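Peer 1: Hey, dropping model00.pdb in here, PDB, C-alpha atoms:
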MODEL        1
ATOM      1  CA  MET A   1      17.593  -0.041  17.342
ATOM      2  CA  TYR A   2      18.351   1.152  20.897
ATOM      3  CA  PHE A   3      21.186   3.358  22.009
ATOM      4  CA  LYS A   4      22.609   5.189  25.013
ATOM      5  CA  LYS A   5      24.427   8.507  24.943
ATOM      6  CA  ILE A   6      27.407   8.792  27.271
ATOM      7  CA  GLU A   7      29.058  12.124  27.889
ATOM      8  CA  ASN A   8      31.869  12.730  30.362
ATOM      9  CA  GLY A   9      31.204   9.442  32.130
ATOM     10  CA  TYR A  10      27.473   9.988  32.522
ATOM     11  CA  ILE A  11      24.510   8.591  30.643
ATOM     12  CA  SER A  12      22.735  11.605  29.121
ATOM     13  CA  PHE A  13      19.819   9.700  27.680
ATOM     14  CA  VAL A  14      18.731   6.464  26.080
ATOM     15  CA  GLY A  15      16.780   6.330  22.900
ATOM     16  CA  VAL A  16      15.422   4.604  19.845
ATOM     17  CA  GLY A  17      17.122   5.241  16.561
ATOM     18  CA  ASP A  18      20.737   5.924  15.710
ATOM     19  CA  GLY A  19      21.982   8.397  18.242
ATOM     20  CA  GLY A  20      24.738   6.843  20.282
ATOM     21  CA  GLU A  21      26.236   3.603  21.447
ATOM     22  CA  ILE A  22      24.080   0.732  20.277
ATOM     23  CA  ILE A  23      22.666  -1.350  23.124
ATOM     24  CA  THR A  24      20.335  -4.288  23.363
ATOM     25  CA  GLU A  25      16.680  -3.948  24.177
ATOM     26  CA  SER A  26      17.243  -5.565  27.557
ATOM     27  CA  GLU A  27      19.933  -3.034  28.460
ATOM     28  CA  TYR A  28      17.663  -0.243  27.258
ATOM     29  CA  GLN A  29      14.876  -1.505  29.507
ATOM     30  CA  GLU A  30      17.290  -1.833  32.416
ATOM     31  CA  ILE A  31      18.444   1.762  32.076
ATOM     32  CA  MET A  32      14.854   2.952  31.647
ATOM     33  CA  GLU A  33      13.927   1.304  34.935
ATOM     34  CA  VAL A  34      16.788   3.097  36.666
ATOM     35  CA  ILE A  35      15.723   6.405  35.090
ATOM     36  CA  GLN A  36      12.151   5.964  36.252
ATOM     37  CA  SER A  37      13.370   5.403  39.798
ATOM     38  CA  LYS A  38      15.599   8.480  39.875
ATOM     39  CA  PRO A  39      15.849  10.263  43.215
ATOM     40  CA  ARG A  40      13.738  13.399  43.291
ATOM     41  CA  ASP A  41      15.688  16.607  42.814
ATOM     42  CA  THR A  42      15.658  19.097  45.636
ATOM     43  CA  GLU A  43      15.804  22.835  45.179
ATOM     44  CA  ASN A  44      19.605  22.752  45.173
ATOM     45  CA  ILE A  45      20.554  19.163  44.399
ATOM     46  CA  GLY A  46      20.118  17.329  41.089
ATOM     47  CA  TYR A  47      21.222  13.842  40.070
ATOM     48  CA  LYS A  48      23.239  12.516  37.172
ATOM     49  CA  LEU A  49      23.265   8.903  36.020
ATOM     50  CA  LYS A  50      26.693   7.321  35.977
ATOM     51  CA  VAL A  51      27.603   4.588  33.509
ATOM     52  CA  ASP A  52      27.456   2.032  36.304
ATOM     53  CA  LEU A  53      23.767   2.997  36.718
ATOM     54  CA  SER A  54      24.253   4.682  40.061
ATOM     55  CA  TRP A  55      23.069   8.221  40.754
ATOM     56  CA  GLU A  56      25.519  10.980  41.545
ATOM     57  CA  PRO A  57      24.243  14.143  43.181
ATOM     58  CA  TYR A  58      25.359  17.539  41.934
ATOM     59  CA  GLU A  59      24.693  21.125  42.956
ATOM     60  CA  LYS A  60      22.146  22.771  40.692
ATOM     61  CA  GLU A  61      22.600  26.210  39.193
ATOM     62  CA  PRO A  62      20.434  28.841  40.819
ATOM     63  CA  ILE A  63      17.160  29.509  39.054
ATOM     64  CA  PRO A  64      17.259  33.046  37.650
ATOM     65  CA  ASP A  65      14.534  35.539  38.420
ATOM     66  CA  GLN A  66      11.973  35.365  35.711
ATOM     67  CA  GLU A  67      10.667  38.404  33.991
ATOM     68  CA  GLU A  68       6.962  38.750  33.543
ATOM     69  CA  ILE A  69       5.843  38.653  29.927
ATOM     70  CA  ASP A  70       2.634  39.983  28.505
ATOM     71  CA  ASP A  71      -0.037  37.887  26.851
ATOM     72  CA  SER A  72       0.975  38.665  23.274
ATOM     73  CA  GLU A  73       4.540  37.625  23.923
ATOM     74  CA  ALA A  74       3.321  34.440  25.575
ATOM     75  CA  ILE A  75       1.091  33.654  22.627
ATOM     76  CA  GLY A  76       4.011  34.175  20.283
ATOM     77  CA  ILE A  77       6.063  31.718  22.271
ATOM     78  CA  LEU A  78       3.316  29.146  22.444
ATOM     79  CA  LEU A  79       2.473  29.288  18.744
ATOM     80  CA  GLY A  80       6.127  29.203  17.693
ATOM     81  CA  GLY A  81       5.893  31.933  15.123
ATOM     82  CA  ALA A  82       8.634  32.918  12.701
ATOM     83  CA  SER A  83      11.907  33.808  14.334
TER
ATOM     84  CA  MET B   1      25.545 -78.792 -73.693
ATOM     85  CA  ALA B   2      27.870 -80.894 -71.534
ATOM     86  CA  LEU B   3      26.900 -83.589 -69.070
ATOM     87  CA  VAL B   4      28.170 -83.135 -65.460
ATOM     88  CA  THR B   5      28.047 -85.173 -62.262
ATOM     89  CA  VAL B   6      26.689 -83.610 -59.054
ATOM     90  CA  ASN B   7      26.467 -85.205 -55.658
ATOM     91  CA  ASP B   8      22.902 -85.743 -54.487
ATOM     92  CA  THR B   9      23.757 -84.041 -51.147
ATOM     93  CA  THR B  10      24.624 -80.902 -53.014
ATOM     94  CA  LEU B  11      21.224 -80.844 -54.694
ATOM     95  CA  THR B  12      19.589 -81.514 -51.338
ATOM     96  CA  ASP B  13      21.480 -78.604 -49.790
ATOM     97  CA  ILE B  14      20.368 -76.301 -52.581
ATOM     98  CA  ALA B  15      16.745 -77.388 -52.172
ATOM     99  CA  ASP B  16      16.985 -76.900 -48.381
ATOM    100  CA  ALA B  17      18.319 -73.401 -48.947
ATOM    101  CA  ILE B  18      15.438 -72.623 -51.274
ATOM    102  CA  ARG B  19      12.897 -73.886 -48.733
ATOM    103  CA  SER B  20      14.582 -71.930 -45.966
ATOM    104  CA  LYS B  21      14.235 -68.738 -47.929
ATOM    105  CA  ASN B  22      10.727 -69.173 -49.242
ATOM    106  CA  GLY B  23       9.389 -70.814 -46.133
ATOM    107  CA  THR B  24       7.909 -73.800 -47.940
ATOM    108  CA  GLU B  25       8.340 -77.537 -47.816
ATOM    109  CA  ASN B  26       8.217 -77.961 -51.565
ATOM    110  CA  THR B  27      10.405 -80.406 -53.313
ATOM    111  CA  TYR B  28      12.315 -79.328 -56.314
ATOM    112  CA  LYS B  29      13.758 -81.018 -59.262
ATOM    113  CA  PRO B  30      17.038 -79.573 -60.298
ATOM    114  CA  SER B  31      15.318 -78.077 -63.329
ATOM    115  CA  GLU B  32      12.829 -76.329 -61.057
ATOM    116  CA  MET B  33      15.430 -74.824 -58.801
ATOM    117  CA  PRO B  34      16.328 -71.756 -60.897
ATOM    118  CA  GLU B  35      12.730 -70.610 -61.041
ATOM    119  CA  ALA B  36      12.326 -71.124 -57.296
ATOM    120  CA  ILE B  37      15.475 -69.108 -56.593
ATOM    121  CA  GLU B  38      14.266 -66.319 -58.916
ATOM    122  CA  ALA B  39      11.124 -66.105 -56.866
ATOM    123  CA  ILE B  40      13.218 -65.594 -53.750
ATOM    124  CA  SER B  41      15.492 -62.813 -55.096
ATOM    125  CA  GLY B  42      14.789 -59.267 -53.646
ATOM    126  CA  GLY B  43      14.292 -60.510 -49.972
ATOM    127  CA  GLY B  44      11.267 -61.395 -47.775
ATOM    128  CA  ILE B  45       8.305 -59.076 -47.355
ATOM    129  CA  THR B  46       8.140 -55.629 -48.992
ATOM    130  CA  PRO B  47       7.102 -53.070 -46.343
ATOM    131  CA  THR B  48       4.119 -50.954 -47.218
ATOM    132  CA  GLY B  49       1.800 -48.535 -45.559
ATOM    133  CA  THR B  50       2.184 -46.212 -42.572
ATOM    134  CA  LYS B  51       2.063 -47.224 -38.970
ATOM    135  CA  GLU B  52       0.452 -44.678 -36.671
ATOM    136  CA  ILE B  53       2.215 -44.323 -33.322
ATOM    137  CA  SER B  54       0.898 -42.187 -30.445
ATOM    138  CA  ILE B  55       3.226 -41.027 -27.622
ATOM    139  CA  THR B  56       1.367 -39.787 -24.536
ATOM    140  CA  GLN B  57       3.945 -40.032 -21.772
ATOM    141  CA  ASN B  58       7.602 -39.389 -21.240
ATOM    142  CA  GLY B  59       9.887 -42.378 -21.371
ATOM    143  CA  THR B  60      11.197 -44.985 -23.850
ATOM    144  CA  THR B  61       8.985 -47.156 -26.017
ATOM    145  CA  THR B  62       9.618 -49.556 -28.901
ATOM    146  CA  GLU B  63       7.410 -50.017 -31.955
ATOM    147  CA  ASP B  64       7.879 -52.732 -34.611
ATOM    148  CA  VAL B  65       7.692 -51.007 -37.990
ATOM    149  CA  THR B  66       9.273 -53.817 -39.983
ATOM    150  CA  ASN B  67       6.290 -54.315 -42.255
ATOM    151  CA  TYR B  68       5.655 -50.610 -42.761
ATOM    152  CA  ALA B  69       7.154 -48.183 -45.203
ATOM    153  CA  SER B  70       6.826 -45.276 -42.755
ATOM    154  CA  ALA B  71       5.665 -44.356 -39.272
ATOM    155  CA  GLU B  72       3.447 -41.407 -38.335
ATOM    156  CA  ILE B  73       4.268 -40.427 -34.744
ATOM    157  CA  SER B  74       1.944 -38.204 -32.699
ATOM    158  CA  VAL B  75       3.304 -36.805 -29.439
ATOM    159  CA  SER B  76       0.940 -35.465 -26.781
ATOM    160  CA  VAL B  77       2.583 -35.621 -23.358
ATOM    161  CA  PRO B  78       0.649 -33.521 -20.813
ATOM    162  CA  ASN B  79       2.571 -31.127 -18.497
ATOM    163  CA  SER B  80       3.306 -32.684 -15.161
ATOM    164  CA  TYR B  81       3.940 -30.208 -12.336
ATOM    165  CA  GLY B  82       4.338 -30.910  -8.671
ATOM    166  CA  VAL B  83       3.551 -28.944  -5.520
ATOM    167  CA  SER B  84       7.069 -27.549  -5.563
ATOM    168  CA  ASP B  85       6.326 -25.836  -8.880
ATOM    169  CA  GLU B  86       3.537 -23.760  -7.371
ATOM    170  CA  GLY B  87       3.901 -20.106  -8.307
ATOM    171  CA  LYS B  88       6.752 -20.644 -10.741
ATOM    172  CA  VAL B  89       6.876 -19.128 -14.170
ATOM    173  CA  VAL B  90       8.698 -20.071 -17.349
ATOM    174  CA  SER B  91      11.805 -18.031 -18.087
ATOM    175  CA  ASN B  92      14.254 -18.926 -20.818
ATOM    176  CA  GLY B  93      12.555 -22.273 -21.178
ATOM    177  CA  GLU B  94      12.843 -23.172 -17.494
ATOM    178  CA  LEU B  95      10.588 -23.014 -14.494
ATOM    179  CA  VAL B  96      11.848 -20.350 -12.080
ATOM    180  CA  ALA B  97      10.487 -19.076  -8.806
ATOM    181  CA  GLN B  98       9.190 -15.542  -8.693
ATOM    182  CA  THR B  99      10.764 -13.088  -6.267
ATOM    183  CA  SER B 100       9.792  -9.914  -4.467
ATOM    184  CA  ASP B 101      10.984  -6.410  -5.246
ATOM    185  CA  THR B 102      10.688  -2.826  -4.035
ATOM    186  CA  VAL B 103      10.146   0.252  -6.153
ATOM    187  CA  THR B 104      10.887   3.739  -4.954
ATOM    188  CA  SER B 105      10.090   5.801  -8.014
ATOM    189  CA  ASN B 106       7.197   6.171 -10.400
ATOM    190  CA  ASP B 107       7.746   4.078 -13.529
ATOM    191  CA  THR B 108       6.540   1.027 -15.441
ATOM    192  CA  TYR B 109       7.917  -2.284 -14.220
ATOM    193  CA  ASP B 110       7.979  -5.777 -15.722
ATOM    194  CA  THR B 111       6.451  -8.022 -13.080
ATOM    195  CA  THR B 112       6.767 -11.320 -14.959
ATOM    196  CA  LEU B 113       9.271 -12.674 -12.488
ATOM    197  CA  ILE B 114       7.883 -10.823  -9.478
ATOM    198  CA  ASN B 115       5.204 -12.134  -7.147
ATOM    199  CA  SER B 116       5.320  -9.376  -4.535
ATOM    200  CA  LEU B 117       6.008  -5.696  -5.140
ATOM    201  CA  THR B 118       6.511  -3.184  -2.339
ATOM    202  CA  VAL B 119       5.781   0.349  -3.415
ATOM    203  CA  ASN B 120       7.662   3.008  -1.480
ATOM    204  CA  VAL B 121       7.427   6.095  -3.633
ATOM    205  CA  ARG B 122       7.734   9.294  -1.665
ATOM    206  CA  SER B 123       5.237  11.942  -2.506
ATOM    207  CA  SER B 124       6.700  14.882  -4.323
ATOM    208  CA  SER B 125       3.982  17.128  -3.044
ATOM    209  CA  LEU B 126       5.248  17.228   0.551
ATOM    210  CA  PRO B 127       7.018  20.450   1.362
ATOM    211  CA  ALA B 128       9.289  18.963   3.999
ATOM    212  CA  ARG B 129      11.745  16.110   4.161
ATOM    213  CA  VAL B 130      12.817  14.496   7.398
ATOM    214  CA  LEU B 131      16.576  14.411   7.699
ATOM    215  CA  ASP B 132      16.774  12.708  11.069
ATOM    216  CA  TYR B 133      14.606  11.483  13.902
ATOM    217  CA  GLN B 134      15.381  10.319  17.408
ATOM    218  CA  GLU B 135      13.328   9.391  20.413
ATOM    219  CA  ILE B 136      15.181  10.010  23.674
ATOM    220  CA  THR B 137      14.415   9.627  27.351
ATOM    221  CA  MET B 138      16.443  11.929  29.550
ATOM    222  CA  ALA B 139      18.449  10.296  32.310
ATOM    223  CA  SER B 140      18.996  13.559  34.129
ATOM    224  CA  THR B 141      17.757  17.070  33.556
ATOM    225  CA  ALA B 142      19.631  19.011  30.899
ATOM    226  CA  THR B 143      20.197  22.635  31.853
ATOM    227  CA  GLN B 144      22.438  25.443  30.782
ATOM    228  CA  SER B 145      25.248  24.025  32.901
ATOM    229  CA  ASN B 146      24.414  20.389  32.225
ATOM    230  CA  LYS B 147      23.883  20.271  28.507
ATOM    231  CA  VAL B 148      23.528  17.045  26.592
ATOM    232  CA  THR B 149      24.343  16.435  22.963
ATOM    233  CA  VAL B 150      22.123  14.855  20.351
ATOM    234  CA  ASN B 151      23.875  13.901  17.144
ATOM    235  CA  LEU B 152      21.818  14.651  14.066
ATOM    236  CA  VAL B 153      22.485  14.869  10.354
ATOM    237  CA  PRO B 154      24.596  17.968   9.745
ATOM    238  CA  SER B 155      22.714  20.656   7.880
ATOM    239  CA  THR B 156      23.234  24.366   7.365
ATOM    240  CA  SER B 157      19.545  25.037   7.081
ATOM    241  CA  CYS B 158      16.879  23.003   8.736
ATOM    242  CA  TYR B 159      14.092  22.937  11.276
ATOM    243  CA  ILE B 160      14.279  21.172  14.605
ATOM    244  CA  HIS B 161      10.999  20.056  16.071
ATOM    245  CA  ILE B 162      10.962  18.706  19.603
ATOM    246  CA  MET B 163       7.872  17.189  21.108
ATOM    247  CA  ILE B 164       7.309  15.905  24.603
ATOM    248  CA  ASP B 165       6.003  12.363  24.575
ATOM    249  CA  THR B 166       5.253  11.600  28.178
ATOM    250  CA  TRP B 167       5.141  14.073  30.997
ATOM    251  CA  PRO B 168       6.919  12.505  33.968
ATOM    252  CA  ALA B 169       4.720  11.526  36.869
ATOM    253  CA  SER B 170       6.911  13.468  39.268
ATOM    254  CA  PRO B 171       8.654  16.246  37.379
ATOM    255  CA  ASP B 172      11.565  17.832  39.114
ATOM    256  CA  SER B 173      10.686  21.284  37.942
ATOM    257  CA  THR B 174       7.724  22.934  36.324
ATOM    258  CA  GLU B 175       8.862  26.534  36.151
ATOM    259  CA  TYR B 176       9.702  26.687  32.492
ATOM    260  CA  ILE B 177       7.074  27.762  29.985
ATOM    261  CA  ALA B 178       8.293  25.768  27.047
ATOM    262  CA  LEU B 179       7.893  22.516  28.945
ATOM    263  CA  LEU B 180       4.319  23.102  30.003
ATOM    264  CA  PHE B 181       3.076  22.343  26.532
ATOM    265  CA  GLY B 182       3.336  19.273  24.390
ATOM    266  CA  ILE B 183       4.989  20.738  21.361
ATOM    267  CA  VAL B 184       7.890  23.111  21.075
ATOM    268  CA  LYS B 185       8.910  24.189  17.636
ATOM    269  CA  PHE B 186      12.338  25.554  17.124
ATOM    270  CA  THR B 187      13.626  27.350  14.094
ATOM    271  CA  VAL B 188      17.315  27.309  13.462
ATOM    272  CA  SER B 189      18.408  30.892  13.320
ATOM    273  CA  GLY B 190      21.603  32.822  13.530
ATOM    274  CA  GLY B 191      23.796  33.891  10.701
ATOM    275  CA  ASN B 192      26.807  31.943  11.876
ATOM    276  CA  ALA B 193      26.814  28.487  10.398
ATOM    277  CA  ALA B 194      28.851  27.142  13.271
ATOM    278  CA  ASN B 195      26.234  27.672  15.916
ATOM    279  CA  ALA B 196      22.555  28.328  15.690
ATOM    280  CA  ILE B 197      20.500  29.141  18.706
ATOM    281  CA  LEU B 198      17.244  27.352  19.024
ATOM    282  CA  ARG B 199      14.609  29.342  20.684
ATOM    283  CA  PRO B 200      10.872  29.559  20.521
ATOM    284  CA  ALA B 201       9.307  32.577  18.938
ATOM    285  CA  GLY B 202       9.717  35.595  21.129
ATOM    286  CA  THR B 203      12.119  35.819  23.986
ATOM    287  CA  ILE B 204      12.132  35.113  27.663
ATOM    288  CA  GLY B 205      14.118  37.646  29.531
ATOM    289  CA  ASN B 206      17.576  38.234  28.191
ATOM    290  CA  ASP B 207      18.453  34.725  27.273
ATOM    291  CA  SER B 208      15.995  32.780  25.209
ATOM    292  CA  SER B 209      18.194  29.873  24.348
ATOM    293  CA  MET B 210      16.909  26.414  25.071
ATOM    294  CA  ALA B 211      19.283  24.545  22.827
ATOM    295  CA  THR B 212      21.951  25.235  20.292
ATOM    296  CA  PHE B 213      22.552  23.510  17.008
ATOM    297  CA  ASN B 214      25.944  23.249  15.410
ATOM    298  CA  THR B 215      25.134  23.148  11.722
ATOM    299  CA  SER B 216      28.618  22.006  10.799
ATOM    300  CA  THR B 217      28.813  18.972  13.047
ATOM    301  CA  GLY B 218      25.092  18.274  13.335
ATOM    302  CA  GLU B 219      25.320  18.403  17.130
ATOM    303  CA  LEU B 220      22.224  19.583  18.928
ATOM    304  CA  GLN B 221      22.929  20.640  22.498
ATOM    305  CA  LEU B 222      19.917  20.514  24.733
ATOM    306  CA  GLY B 223      19.731  22.690  27.791
ATOM    307  CA  GLY B 224      19.641  26.417  28.282
ATOM    308  CA  GLN B 225      18.919  28.943  30.912
ATOM    309  CA  TYR B 226      15.231  28.696  30.269
ATOM    310  CA  GLY B 227      15.242  25.381  28.538
ATOM    311  CA  HIS B 228      15.382  22.418  30.840
ATOM    312  CA  PHE B 229      14.882  18.990  29.363
ATOM    313  CA  MET B 230      13.543  17.003  32.245
ATOM    314  CA  ALA B 231      14.865  13.738  33.637
ATOM    315  CA  GLY B 232      12.595  10.788  32.913
ATOM    316  CA  THR B 233      10.808  12.625  30.115
ATOM    317  CA  LYS B 234      10.644  11.195  26.621
ATOM    318  CA  TYR B 235      11.137  13.584  23.718
ATOM    319  CA  HIS B 236      10.731  13.126  19.990
ATOM    320  CA  ILE B 237      13.219  15.079  17.948
ATOM    321  CA  TRP B 238      12.736  15.690  14.253
ATOM    322  CA  GLN B 239      15.142  17.448  11.965
ATOM    323  CA  PHE B 240      13.763  18.335   8.594
ATOM    324  CA  GLU B 241      14.320  20.628   5.669
ATOM    325  CA  MET B 242      11.705  22.595   3.794
ATOM    326  CA  GLY B 243      10.965  22.806   0.103
ATOM    327  CA  ALA B 244      12.482  19.426  -0.819
ATOM    328  CA  SER B 245      10.868  17.026  -3.253
ATOM    329  CA  SER B 246      11.399  13.348  -3.932
TER
ENDMDL
END
Could you express the structure from this file as structure tokens?

Peer 2:
Amino acid sequence: MYFKKIENGYISFVGVGDGGEIITESEYQEIMEVIQSKPRDTENIGYKLKVDLSWEPYEKEPIPDQEEIDDSEAIGILLGGAS
Amino acid sequence: MALVTVNDTTLTDIADAIRSKNGTENTYKPSEMPEAIEAISGGGITPTGTKEISITQNGTTTEDVTNYASAEISVSVPNSYGVSDEGKVVSNGELVAQTSDTVTSNDTYDTTLINSLTVNVRSSSLPARVLDYQEITMASTATQSNKVTVNLVPSTSCYIHIMIDTWPASPDSTEYIALLFGIVKFTVSGGNAANAILRPAGTIGNDSSMATFNTSTGELQLGGQYGHFMAGTKYHIWQFEMGASS
């Protein structure tokens, strides 16, 4: 079973299972093709997929400065230990 | 004794009747007629013996048992089944087709009328039970300001496991640690049942959220300051609970 998730007039994602508006396999493939041909984001501009399968540019949020983490903290993140 | 007069045709008729009954062509004097009639009384042939009759096929048949006192009938009609009866069994005296069935629990089952049994008994030894599963391909990148919602089975206590299926050929961004590796395990935490913050073990800076899970509505919001779910990337999302048995 294929579905598409629409939020605020934009297609958030398509999927397999029961997670949104049911669509046919052909529509799923059509949307997938559009997704795979998405315009490349720039540093400041991203793209959202409208329900008519056209791309709409938007201004991206600035990327925050990242704090360095030590190896042990990184290992903890990677191994997904208990929270 | 008195003398009487009888027409000769009457005597002839009586003699004819006698001959008709005894099947002879004898002639009879009137004085011989009583004895001849006595011999006739009690009717034709007395049936004797037993006639053996064998029935070997269905249908109607006629047997002459006139000369017999009884008939001994033996019936031995073989079963006749056609191609259409293949696989059928007898139930309540009739041929019925077997059917298929599915069992989901350990037990003893009567399979007389079943020709195909699907066994789907969940193991009770598994510590986890999957509540929901979805495979999604992102249309655009989910970030803290562009979150997307995945509807899952509502649960106040569960684990969310998100795995990247296919790294996009041209990712838009590669800065975020959690997306550099194939598997990200989240544990639903937070005391408030309304919102639970999904984050990997440890923290990144001051905000470690990558997604939030509303345990009341079952809505999983993807996208956080350090959790970008990339456009064109396929993710597998499992929601499961621990310690459940079948």

Peer 1: Quick one: apply the PyMOL selection byres ((chain A and resi 17-29) around 10) to the file and drop the selected residues here as a PDB file with C-alpha atoms, in the coordinates of the input.

Peer 2:
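The result, stored in part.pdb:
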ATOM      1  CA  MET A   1      17.593  -0.041  17.342  1.00  0.00           C
ATOM      2  CA  TYR A   2      18.351   1.152  20.897  1.00  0.00           C
ATOM      3  CA  PHE A   3      21.186   3.358  22.009  1.00  0.00           C
ATOM      4  CA  LYS A   4      22.609   5.189  25.013  1.00  0.00           C
ATOM      5  CA  LYS A   5      24.427   8.507  24.943  1.00  0.00           C
ATOM      6  CA  ILE A   6      27.407   8.792  27.271  1.00  0.00           C
ATOM      7  CA  PHE A  13      19.819   9.700  27.680  1.00  0.00           C
ATOM      8  CA  VAL A  14      18.731   6.464  26.080  1.00  0.00           C
ATOM      9  CA  GLY A  15      16.780   6.330  22.900  1.00  0.00           C
ATOM     10  CA  VAL A  16      15.422   4.604  19.845  1.00  0.00           C
ATOM     11  CA  GLU A  30      17.290  -1.833  32.416  1.00  0.00           C
ATOM     12  CA  ILE A  31      18.444   1.762  32.076  1.00  0.00           C
ATOM     13  CA  MET A  32      14.854   2.952  31.647  1.00  0.00           C
ATOM     14  CA  GLU A  33      13.927   1.304  34.935  1.00  0.00           C
ATOM     15  CA  VAL A  34      16.788   3.097  36.666  1.00  0.00           C
ATOM     16  CA  ILE A  35      15.723   6.405  35.090  1.00  0.00           C
TER      17      ILE A  35
ATOM     18  CA  ASP B 132      16.774  12.708  11.069  1.00  0.00           C
ATOM     19  CA  TYR B 133      14.606  11.483  13.902  1.00  0.00           C
ATOM     20  CA  GLN B 134      15.381  10.319  17.408  1.00  0.00           C
ATOM     21  CA  GLU B 135      13.328   9.391  20.413  1.00  0.00           C
ATOM     22  CA  ILE B 136      15.181  10.010  23.674  1.00  0.00           C
ATOM     23  CA  THR B 149      24.343  16.435  22.963  1.00  0.00           C
ATOM     24  CA  VAL B 150      22.123  14.855  20.351  1.00  0.00           C
ATOM     25  CA  ASN B 151      23.875  13.901  17.144  1.00  0.00           C
ATOM     26  CA  LEU B 152      21.818  14.651  14.066  1.00  0.00           C
TER      27      LEU B 152
END

Peer 1: Decode the PyMOL selection byres ((chain A and resi 10) around 9) for the given file into explicit residues and return them as number ranges by chain.

Peer 2: A: 5-9, 11-12, 48-53

Peer 1: Would you write out, as a PyMOL selection string, every residue that the PyMOL selection byres ((chain B and resi 49) around 7) captures in this file?

Peer 2: chain B and resi 48+50-51+68-70

Peer 1: Return as AutoDock Vina command-line options the box centre and box size in Å, one decimal, for an axis-aligned box around all listed atoms of stretch 45-62 of chain A padded by 4 Å per side.

Peer 2:
--center_x 23.9 --center_y 15.4 --center_z 39.0 --size_x 15.5 --size_y 34.8 --size_z 18.9

Peer 1: Could you work out how far atom CA of B:Thr217 lies from atom CA of B:Met230, giving the answer in Å with one decimal?

Peer 2: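 Result for atom CA of B:Met230 versus atom CA of B:Thr217: 24.6 Å, one decimal.
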
Peer 1: Can you measure atom CA of B:Ile237 to atom CA of A:Asp70 for me? One decimal in Å is fine.

Peer 2: 29.0 Å

Peer 1: Which value, in Å to one decimal, gives the distance between atom CA of B:Met163 and atom CA of B:Val130?

Peer 2: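 Computing the Euclidean distance for atom CA of B:Met163 and atom CA of B:Val130 yields 14.8 Å.
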
Peer 1: Of the residues B:Thr215, B:Glu86, B:Gln98, B:Glu38, which is the one nearest to B:Lys21, using all atoms listed in the file?

Peer 2: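 Looking only at the distances to B:Lys21, the closest residue turns out to be B:Glu38.
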
Peer 1: List the spatial neighbours of B:Glu35 as a PyMOL selection string - criterion: any atom at most 12 Å away, all atoms listed in the file, same-chain residues fewer than 6 positions off excluded.

Peer 2: chain B and resi 15+18+28-29+41

Peer 1: Which is closer to chain A than all the others in B:Leu95, B:Ala139, B:Cys158, B:Met242, using only C-alpha atoms?

Peer 2: B:Ala139

Peer 1: Between A:Ser72, A:Asn44, A:Gln36, A:Ser54, which one has atoms that come closest to chain B, using only C-alpha atoms?

Peer 2: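 Between A:Ser72, A:Asn44, A:Gln36, A:Ser54, the residue approaching chain B most closely is A:Gln36.
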
Peer 1: Which of these residues is nearest to B:Gly224, using all atoms listed in the file: B:Val103, B:Asn146, B:Tyr159, B:Asn22?

Peer 2: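 Result for the nearest residue to B:Gly224: B:Asn146.
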
Peer 1: Applying 7 Å and all atoms listed in the file, which residues near B:Gln221 remain after dropping the ones on its own chain fewer than 4 positions away? List them as an mmCIF file with C-alpha atoms, in the frame of the given file.

Peer 2:
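The resulting file, selection03.cif, is reproduced below:
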data_model
loop_
_atom_site.group_PDB
_atom_site.id
_atom_site.type_symbol
_atom_site.label_atom_id
_atom_site.label_comp_id
_atom_site.auth_asym_id
_atom_site.auth_seq_id
_atom_site.Cartn_x
_atom_site.Cartn_y
_atom_site.Cartn_z
ATOM 1 C CA LYS B 147 23.883 20.271 28.507
ATOM 2 C CA VAL B 148 23.528 17.045 26.592
ATOM 3 C CA THR B 149 24.343 16.435 22.963
ATOM 4 C CA VAL B 150 22.123 14.855 20.351
ATOM 5 C CA ALA B 211 19.283 24.545 22.827
ATOM 6 C CA THR B 212 21.951 25.235 20.292
ATOM 7 C CA PHE B 213 22.552 23.510 17.008
#

Peer 1: Within 9 Å of (24.5, 19.4, 41.6) (coordinates as in the file), grab all the protein and nucleic acid residues, counting only C-alpha atoms, and write them out as number ranges by chain.

Peer 2: A: 44-48, 56-61
